[in-house]
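The block underneath contains the structure these notes are about, expressed in structure tokens.
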Amino acid sequence: MKKLFIILVFGFILPIEAKSHSGRTNSEGCHNQKSNNTYHCHKPKSYSKKTSTPETLKVVDGDTIHIGSKKYRFSGIDTPEIKQTCKENEKIIFCGVLAKEILIKKIANRKIECIEEDVPDRYQRILAECFVNGESLSSYLVRSGYAFAYRKYSTKFIKDEEFAKKNQLGLWKTTFEFPWDYRKNR
């Protein structure tokens, strides 16, 4: 028992050399290492959890919420913009509004827990994965077809998207433009 204690004490006292890099990581903590041309992932340096109450939550659109004064952007997914339309059976639908409504219905005044990433997006929103009753809202939105895996930043939700596409769920049964293309073409 004494030996274990001594090892633990020395483990905390002795400095450990750590190699770092200046590269940014994606939402899963992964990146390309230029020095040796490899792709690898890091455990998050830190993360924090934020829990909402119905009074402090505002759903902005299908992939952005506010909890109190904090603005959260769901990492790894993208939903249609609020003004974006899609076509279903020759009928125009506001698919951005629909994605927001699906998210509001899923939350249904329940508490949300968000796991924040270290680096905000370019609009200074906190990138996070948020959960209701332990279920990822991002996974739910993508798997039900109202959001898309944002492959530019993450591969985490690709299987959910493939499921929705294969089963023609949500927006997959419409004619749509991916949100990133819609923004680029505006």
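Residues are referred to by chain and number: the chain letter is A, B, ... according to the order shown in the structure tokens, the number counts from 1 in that chain, and ligands are numbered separately from 1 in the order shown.
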
Item to check | Test item: residues at most 10 Å from Phe148 of chain A, only C-alpha atoms, excluding those fewer than 3 positions along its chain, as an MDAnalysis selection string | outcome: chainID A and resid 76:80 138:139 141:145 151 157:158 160:162 164:165 171:172 178:179

Kindly save the residues from that selection, with N, CA and C atoms included, as a PDB file, in the first residue's frame.
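Saved to part-v3.pdb:
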```pdb
ATOM      1  N   GLY A  76     -21.147  18.830 -35.867  1.00  0.00           N
ATOM      2  CA  GLY A  76     -21.203  17.636 -36.705  1.00  0.00           C
ATOM      3  C   GLY A  76     -22.458  17.477 -37.538  1.00  0.00           C
ATOM      4  N   ILE A  77     -23.414  18.411 -37.437  1.00  0.00           N
ATOM      5  CA  ILE A  77     -24.623  18.327 -38.253  1.00  0.00           C
ATOM      6  C   ILE A  77     -24.930  19.691 -38.857  1.00  0.00           C
ATOM      7  N   ASP A  78     -25.805  19.686 -39.839  1.00  0.00           N
ATOM      8  CA  ASP A  78     -26.274  20.930 -40.439  1.00  0.00           C
ATOM      9  C   ASP A  78     -27.740  20.738 -40.811  1.00  0.00           C
ATOM     10  N   THR A  79     -28.558  21.735 -40.507  1.00  0.00           N
ATOM     11  CA  THR A  79     -29.970  21.699 -40.868  1.00  0.00           C
ATOM     12  C   THR A  79     -30.263  22.826 -41.846  1.00  0.00           C
ATOM     13  N   PRO A  80     -31.350  22.711 -42.584  1.00  0.00           N
ATOM     14  CA  PRO A  80     -31.699  23.786 -43.520  1.00  0.00           C
ATOM     15  C   PRO A  80     -31.870  25.122 -42.801  1.00  0.00           C
ATOM     16  N   SER A 138     -28.594  15.663 -31.983  1.00  0.00           N
ATOM     17  CA  SER A 138     -27.979  15.650 -33.316  1.00  0.00           C
ATOM     18  C   SER A 138     -28.253  14.331 -34.020  1.00  0.00           C
ATOM     19  N   SER A 139     -28.003  13.237 -33.326  1.00  0.00           N
ATOM     20  CA  SER A 139     -28.247  11.919 -33.907  1.00  0.00           C
ATOM     21  C   SER A 139     -29.721  11.753 -34.260  1.00  0.00           C
ATOM     22  N   LEU A 141     -31.968  14.104 -35.003  1.00  0.00           N
ATOM     23  CA  LEU A 141     -32.329  14.926 -36.155  1.00  0.00           C
ATOM     24  C   LEU A 141     -31.827  14.334 -37.466  1.00  0.00           C
ATOM     25  N   VAL A 142     -30.591  13.834 -37.465  1.00  0.00           N
ATOM     26  CA  VAL A 142     -30.018  13.260 -38.684  1.00  0.00           C
ATOM     27  C   VAL A 142     -30.705  11.942 -39.018  1.00  0.00           C
ATOM     28  N   ARG A 143     -30.880  11.084 -38.019  1.00  0.00           N
ATOM     29  CA  ARG A 143     -31.480   9.760 -38.253  1.00  0.00           C
ATOM     30  C   ARG A 143     -32.946   9.864 -38.693  1.00  0.00           C
ATOM     31  N   SER A 144     -33.638  10.903 -38.266  1.00  0.00           N
ATOM     32  CA  SER A 144     -35.033  11.070 -38.685  1.00  0.00           C
ATOM     33  C   SER A 144     -35.144  11.890 -39.983  1.00  0.00           C
ATOM     34  N   GLY A 145     -34.005  12.354 -40.501  1.00  0.00           N
ATOM     35  CA  GLY A 145     -33.986  12.979 -41.821  1.00  0.00           C
ATOM     36  C   GLY A 145     -34.177  14.488 -41.858  1.00  0.00           C
ATOM     37  N   ARG A 151     -20.116  16.544 -43.002  1.00  0.00           N
ATOM     38  CA  ARG A 151     -18.873  15.812 -43.257  1.00  0.00           C
ATOM     39  C   ARG A 151     -17.636  16.705 -43.284  1.00  0.00           C
ATOM     40  N   PHE A 157     -21.972  11.374 -37.646  1.00  0.00           N
ATOM     41  CA  PHE A 157     -23.388  11.120 -37.901  1.00  0.00           C
ATOM     42  C   PHE A 157     -23.674  10.562 -39.295  1.00  0.00           C
ATOM     43  N   ILE A 158     -22.654  10.085 -39.985  1.00  0.00           N
ATOM     44  CA  ILE A 158     -22.832   9.563 -41.342  1.00  0.00           C
ATOM     45  C   ILE A 158     -23.760   8.346 -41.355  1.00  0.00           C
ATOM     46  N   ASP A 160     -26.154   7.624 -39.306  1.00  0.00           N
ATOM     47  CA  ASP A 160     -27.521   8.098 -39.078  1.00  0.00           C
ATOM     48  C   ASP A 160     -28.104   8.658 -40.379  1.00  0.00           C
ATOM     49  N   GLU A 161     -27.285   9.410 -41.114  1.00  0.00           N
ATOM     50  CA  GLU A 161     -27.752   9.980 -42.377  1.00  0.00           C
ATOM     51  C   GLU A 161     -28.041   8.888 -43.402  1.00  0.00           C
ATOM     52  N   GLU A 162     -27.166   7.898 -43.487  1.00  0.00           N
ATOM     53  CA  GLU A 162     -27.382   6.802 -44.425  1.00  0.00           C
ATOM     54  C   GLU A 162     -28.688   6.066 -44.127  1.00  0.00           C
ATOM     55  N   ALA A 164     -31.428   7.382 -42.673  1.00  0.00           N
ATOM     56  CA  ALA A 164     -32.538   8.249 -43.076  1.00  0.00           C
ATOM     57  C   ALA A 164     -32.695   8.269 -44.593  1.00  0.00           C
ATOM     58  N   LYS A 165     -31.587   8.345 -45.298  1.00  0.00           N
ATOM     59  CA  LYS A 165     -31.633   8.382 -46.764  1.00  0.00           C
ATOM     60  C   LYS A 165     -32.185   7.069 -47.316  1.00  0.00           C
ATOM     61  N   LEU A 171     -36.561  14.903 -44.732  1.00  0.00           N
ATOM     62  CA  LEU A 171     -36.279  15.663 -45.945  1.00  0.00           C
ATOM     63  C   LEU A 171     -35.817  14.790 -47.102  1.00  0.00           C
ATOM     64  N   TRP A 172     -35.443  13.574 -46.824  1.00  0.00           N
ATOM     65  CA  TRP A 172     -34.986  12.679 -47.882  1.00  0.00           C
ATOM     66  C   TRP A 172     -36.119  12.290 -48.831  1.00  0.00           C
ATOM     67  N   PHE A 178     -28.679  20.871 -50.110  1.00  0.00           N
ATOM     68  CA  PHE A 178     -27.979  20.780 -48.827  1.00  0.00           C
ATOM     69  C   PHE A 178     -27.781  22.188 -48.261  1.00  0.00           C
ATOM     70  N   PRO A 179     -27.877  22.360 -46.945  1.00  0.00           N
ATOM     71  CA  PRO A 179     -27.770  23.698 -46.352  1.00  0.00           C
ATOM     72  C   PRO A 179     -26.479  24.434 -46.713  1.00  0.00           C
TER      73      PRO A 179
END
```

Item to check | Val97 of chain A environment, 9 Å, only C-alpha atoms, sequence neighbours closer than 6 positions dropped, as a list in words | outcome: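 The filter keeps Asp61, Gly62, Pro80, Glu81, Ile82, Lys83, Gln84 and Thr85 of chain A.
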
Kindly export the residues of the current selection with all heavy atoms, as a CSV table (one decimal), in the first residue's frame.
```csv
chain,number,residue,atom,x,y,z
A,61,ASP,N,-33.0,27.6,-34.4
A,61,ASP,CA,-33.3,26.9,-35.7
A,61,ASP,C,-33.0,25.4,-35.4
A,61,ASP,O,-32.9,25.0,-34.3
A,61,ASP,CB,-32.5,27.5,-36.9
A,61,ASP,CG,-31.0,27.4,-36.7
A,61,ASP,OD1,-30.5,26.6,-35.9
A,61,ASP,OD2,-30.3,28.3,-37.3
A,62,GLY,N,-32.9,24.6,-36.4
A,62,GLY,CA,-32.7,23.2,-36.3
A,62,GLY,C,-31.4,22.7,-35.6
A,62,GLY,O,-31.3,21.6,-35.1
A,80,PRO,N,-31.4,22.7,-42.6
A,80,PRO,CA,-31.7,23.8,-43.5
A,80,PRO,C,-31.9,25.1,-42.8
A,80,PRO,O,-32.3,25.2,-41.6
A,80,PRO,CB,-33.0,23.3,-44.1
A,80,PRO,CG,-33.0,21.8,-44.0
A,80,PRO,CD,-32.3,21.6,-42.7
A,81,GLU,N,-31.6,26.2,-43.5
A,81,GLU,CA,-31.8,27.5,-43.0
A,81,GLU,C,-33.3,27.8,-42.8
A,81,GLU,O,-34.1,27.2,-43.5
A,81,GLU,CB,-31.1,28.6,-43.9
A,81,GLU,CG,-29.6,28.4,-44.1
A,81,GLU,CD,-28.9,28.6,-42.8
A,81,GLU,OE1,-29.2,29.6,-42.1
A,81,GLU,OE2,-27.9,27.8,-42.5
A,82,ILE,N,-33.6,28.7,-41.9
A,82,ILE,CA,-35.0,29.0,-41.6
A,82,ILE,C,-35.8,29.4,-42.9
A,82,ILE,O,-36.9,28.9,-43.1
A,82,ILE,CB,-35.1,30.1,-40.5
A,82,ILE,CG1,-34.7,29.6,-39.2
A,82,ILE,CG2,-36.5,30.7,-40.5
A,82,ILE,CD1,-35.7,28.5,-38.6
A,83,LYS,N,-35.2,30.2,-43.8
A,83,LYS,CA,-35.9,30.6,-45.0
A,83,LYS,C,-35.8,29.6,-46.1
A,83,LYS,O,-36.3,29.9,-47.2
A,83,LYS,CB,-35.4,32.0,-45.4
A,83,LYS,CG,-35.7,33.1,-44.4
A,83,LYS,CD,-35.2,34.4,-44.9
A,83,LYS,CE,-35.5,35.5,-43.9
A,83,LYS,NZ,-35.0,36.8,-44.3
A,84,GLN,N,-35.1,28.5,-45.9
A,84,GLN,CA,-34.9,27.6,-47.0
A,84,GLN,C,-36.1,26.7,-47.3
A,84,GLN,O,-36.8,26.3,-46.3
A,84,GLN,CB,-33.7,26.7,-46.6
A,84,GLN,CG,-33.2,25.8,-47.7
A,84,GLN,CD,-31.9,25.0,-47.4
A,84,GLN,OE1,-31.2,25.3,-46.4
A,84,GLN,NE2,-31.7,24.0,-48.1
A,85,THR,N,-36.4,26.5,-48.6
A,85,THR,CA,-37.5,25.7,-48.9
A,85,THR,C,-37.1,24.4,-49.6
A,85,THR,O,-36.0,24.3,-50.1
A,85,THR,CB,-38.5,26.5,-49.9
A,85,THR,OG1,-37.7,26.8,-51.1
A,85,THR,CG2,-39.1,27.7,-49.2
```

I'd like the neighbourhood of Thr175 of chain A as an mmCIF file with N, CA and C atoms, in the first residue's frame, where a residue qualifies if any of its atoms comes within 12 Å (using only C-alpha atoms), though same-chain residues fewer than 5 positions away should be ignored.
```cif
data_model
loop_
_atom_site.group_PDB
_atom_site.id
_atom_site.type_symbol
_atom_site.label_atom_id
_atom_site.label_comp_id
_atom_site.auth_asym_id
_atom_site.auth_seq_id
_atom_site.Cartn_x
_atom_site.Cartn_y
_atom_site.Cartn_z
ATOM 1 N N GLN A 84 -35.080 28.539 -45.930
ATOM 2 C CA GLN A 84 -34.851 27.571 -46.992
ATOM 3 C C GLN A 84 -36.107 26.743 -47.261
ATOM 4 N N THR A 85 -36.375 26.509 -48.552
ATOM 5 C CA THR A 85 -37.539 25.700 -48.929
ATOM 6 C C THR A 85 -37.098 24.407 -49.606
ATOM 7 N N CYS A 86 -38.005 23.430 -49.561
ATOM 8 C CA CYS A 86 -37.827 22.154 -50.235
ATOM 9 C C CYS A 86 -39.128 21.870 -50.981
ATOM 10 N N LYS A 87 -39.110 20.877 -51.824
ATOM 11 C CA LYS A 87 -40.304 20.541 -52.586
ATOM 12 C C LYS A 87 -40.697 19.094 -52.292
ATOM 13 N N GLU A 88 -41.972 18.916 -51.924
ATOM 14 C CA GLU A 88 -42.498 17.568 -51.694
ATOM 15 C C GLU A 88 -43.793 17.433 -52.473
ATOM 16 N N ASN A 89 -43.806 16.501 -53.428
ATOM 17 C CA ASN A 89 -44.975 16.305 -54.302
ATOM 18 C C ASN A 89 -45.420 17.627 -54.936
ATOM 19 N N GLU A 90 -44.458 18.354 -55.497
ATOM 20 C CA GLU A 90 -44.701 19.642 -56.159
ATOM 21 C C GLU A 90 -45.183 20.742 -55.213
ATOM 22 N N LYS A 91 -45.193 20.481 -53.927
ATOM 23 C CA LYS A 91 -45.608 21.478 -52.947
ATOM 24 C C LYS A 91 -44.355 22.035 -52.259
ATOM 25 N N ILE A 92 -44.291 23.370 -52.129
ATOM 26 C CA ILE A 92 -43.165 24.026 -51.469
ATOM 27 C C ILE A 92 -43.375 23.952 -49.952
ATOM 28 N N ILE A 93 -42.346 23.496 -49.246
ATOM 29 C CA ILE A 93 -42.393 23.488 -47.782
ATOM 30 C C ILE A 93 -41.177 24.241 -47.250
ATOM 31 N N PHE A 94 -41.347 24.859 -46.109
ATOM 32 C CA PHE A 94 -40.226 25.546 -45.461
ATOM 33 C C PHE A 94 -39.485 24.518 -44.611
ATOM 34 N N CYS A 95 -38.476 23.894 -45.217
ATOM 35 C CA CYS A 95 -37.789 22.789 -44.541
ATOM 36 C C CYS A 95 -36.950 23.268 -43.356
ATOM 37 N N GLN A 168 -35.835 6.931 -46.769
ATOM 38 C CA GLN A 168 -36.572 8.100 -47.266
ATOM 39 C C GLN A 168 -37.324 8.820 -46.154
ATOM 40 N N GLY A 170 -37.954 11.999 -43.403
ATOM 41 C CA GLY A 170 -37.834 13.453 -43.297
ATOM 42 C C GLY A 170 -37.614 14.112 -44.639
#
```

Item to check | Interatomic distance, atom CA of Lys106 of chain A to atom CA of Tyr140 of chain A (Å, one decimal) | outcome: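 These atoms are spaced 8.7 Å apart.
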
Checklist entry - Of the candidates A:Leu169, A:Ser75, A:Asp63, A:Phe176, which one gets nearest to Asp121 of chain A if we count only C-alpha atoms? => result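 Under the stated criterion, the closest residue is A:Ser75.
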
Next on the checklist: Just list as a PyMOL selection string whatever in segment 33-173 of chain A DSSP marks as strand (DSSP E).
Outcome noted: chain A and resi 33+38-41+49-51+57-61+64-67+70-74+77-78+86-88+91-93+113-116+126-132+135-136+148-149

Item to check | Å distance separating atom CA of Gly96 of chain A from atom CA of Ile112 of chain A, one decimal place | outcome: 21.3 Å

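Comparing the minimum interatomic distances between Leu127 of chain A and each of A:Asn109, A:Glu177, A:Leu98, A:Cys114, counting only C-alpha atoms, we find that A:Cys114 sits nearest.
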
Item to check | Test item, alpha helix (DSSP H) assignment across segment 138-181 of chain A, answer as a list in words | outcome: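 Checking each residue of segment 138-181 of chain A, the alpha helix (DSSP H) ones are Ser138, Ser139, Tyr140, Leu141, Val142, Arg143, Ile158, Lys159, Asp160, Glu161, Glu162, Phe163, Ala164, Lys165, Lys166, Pro179, Trp180 and Asp181 of chain A.
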
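What separates atom CA of Gly134 of chain A from atom CA of Glu117 of chain A is a distance of 17.7 Å.
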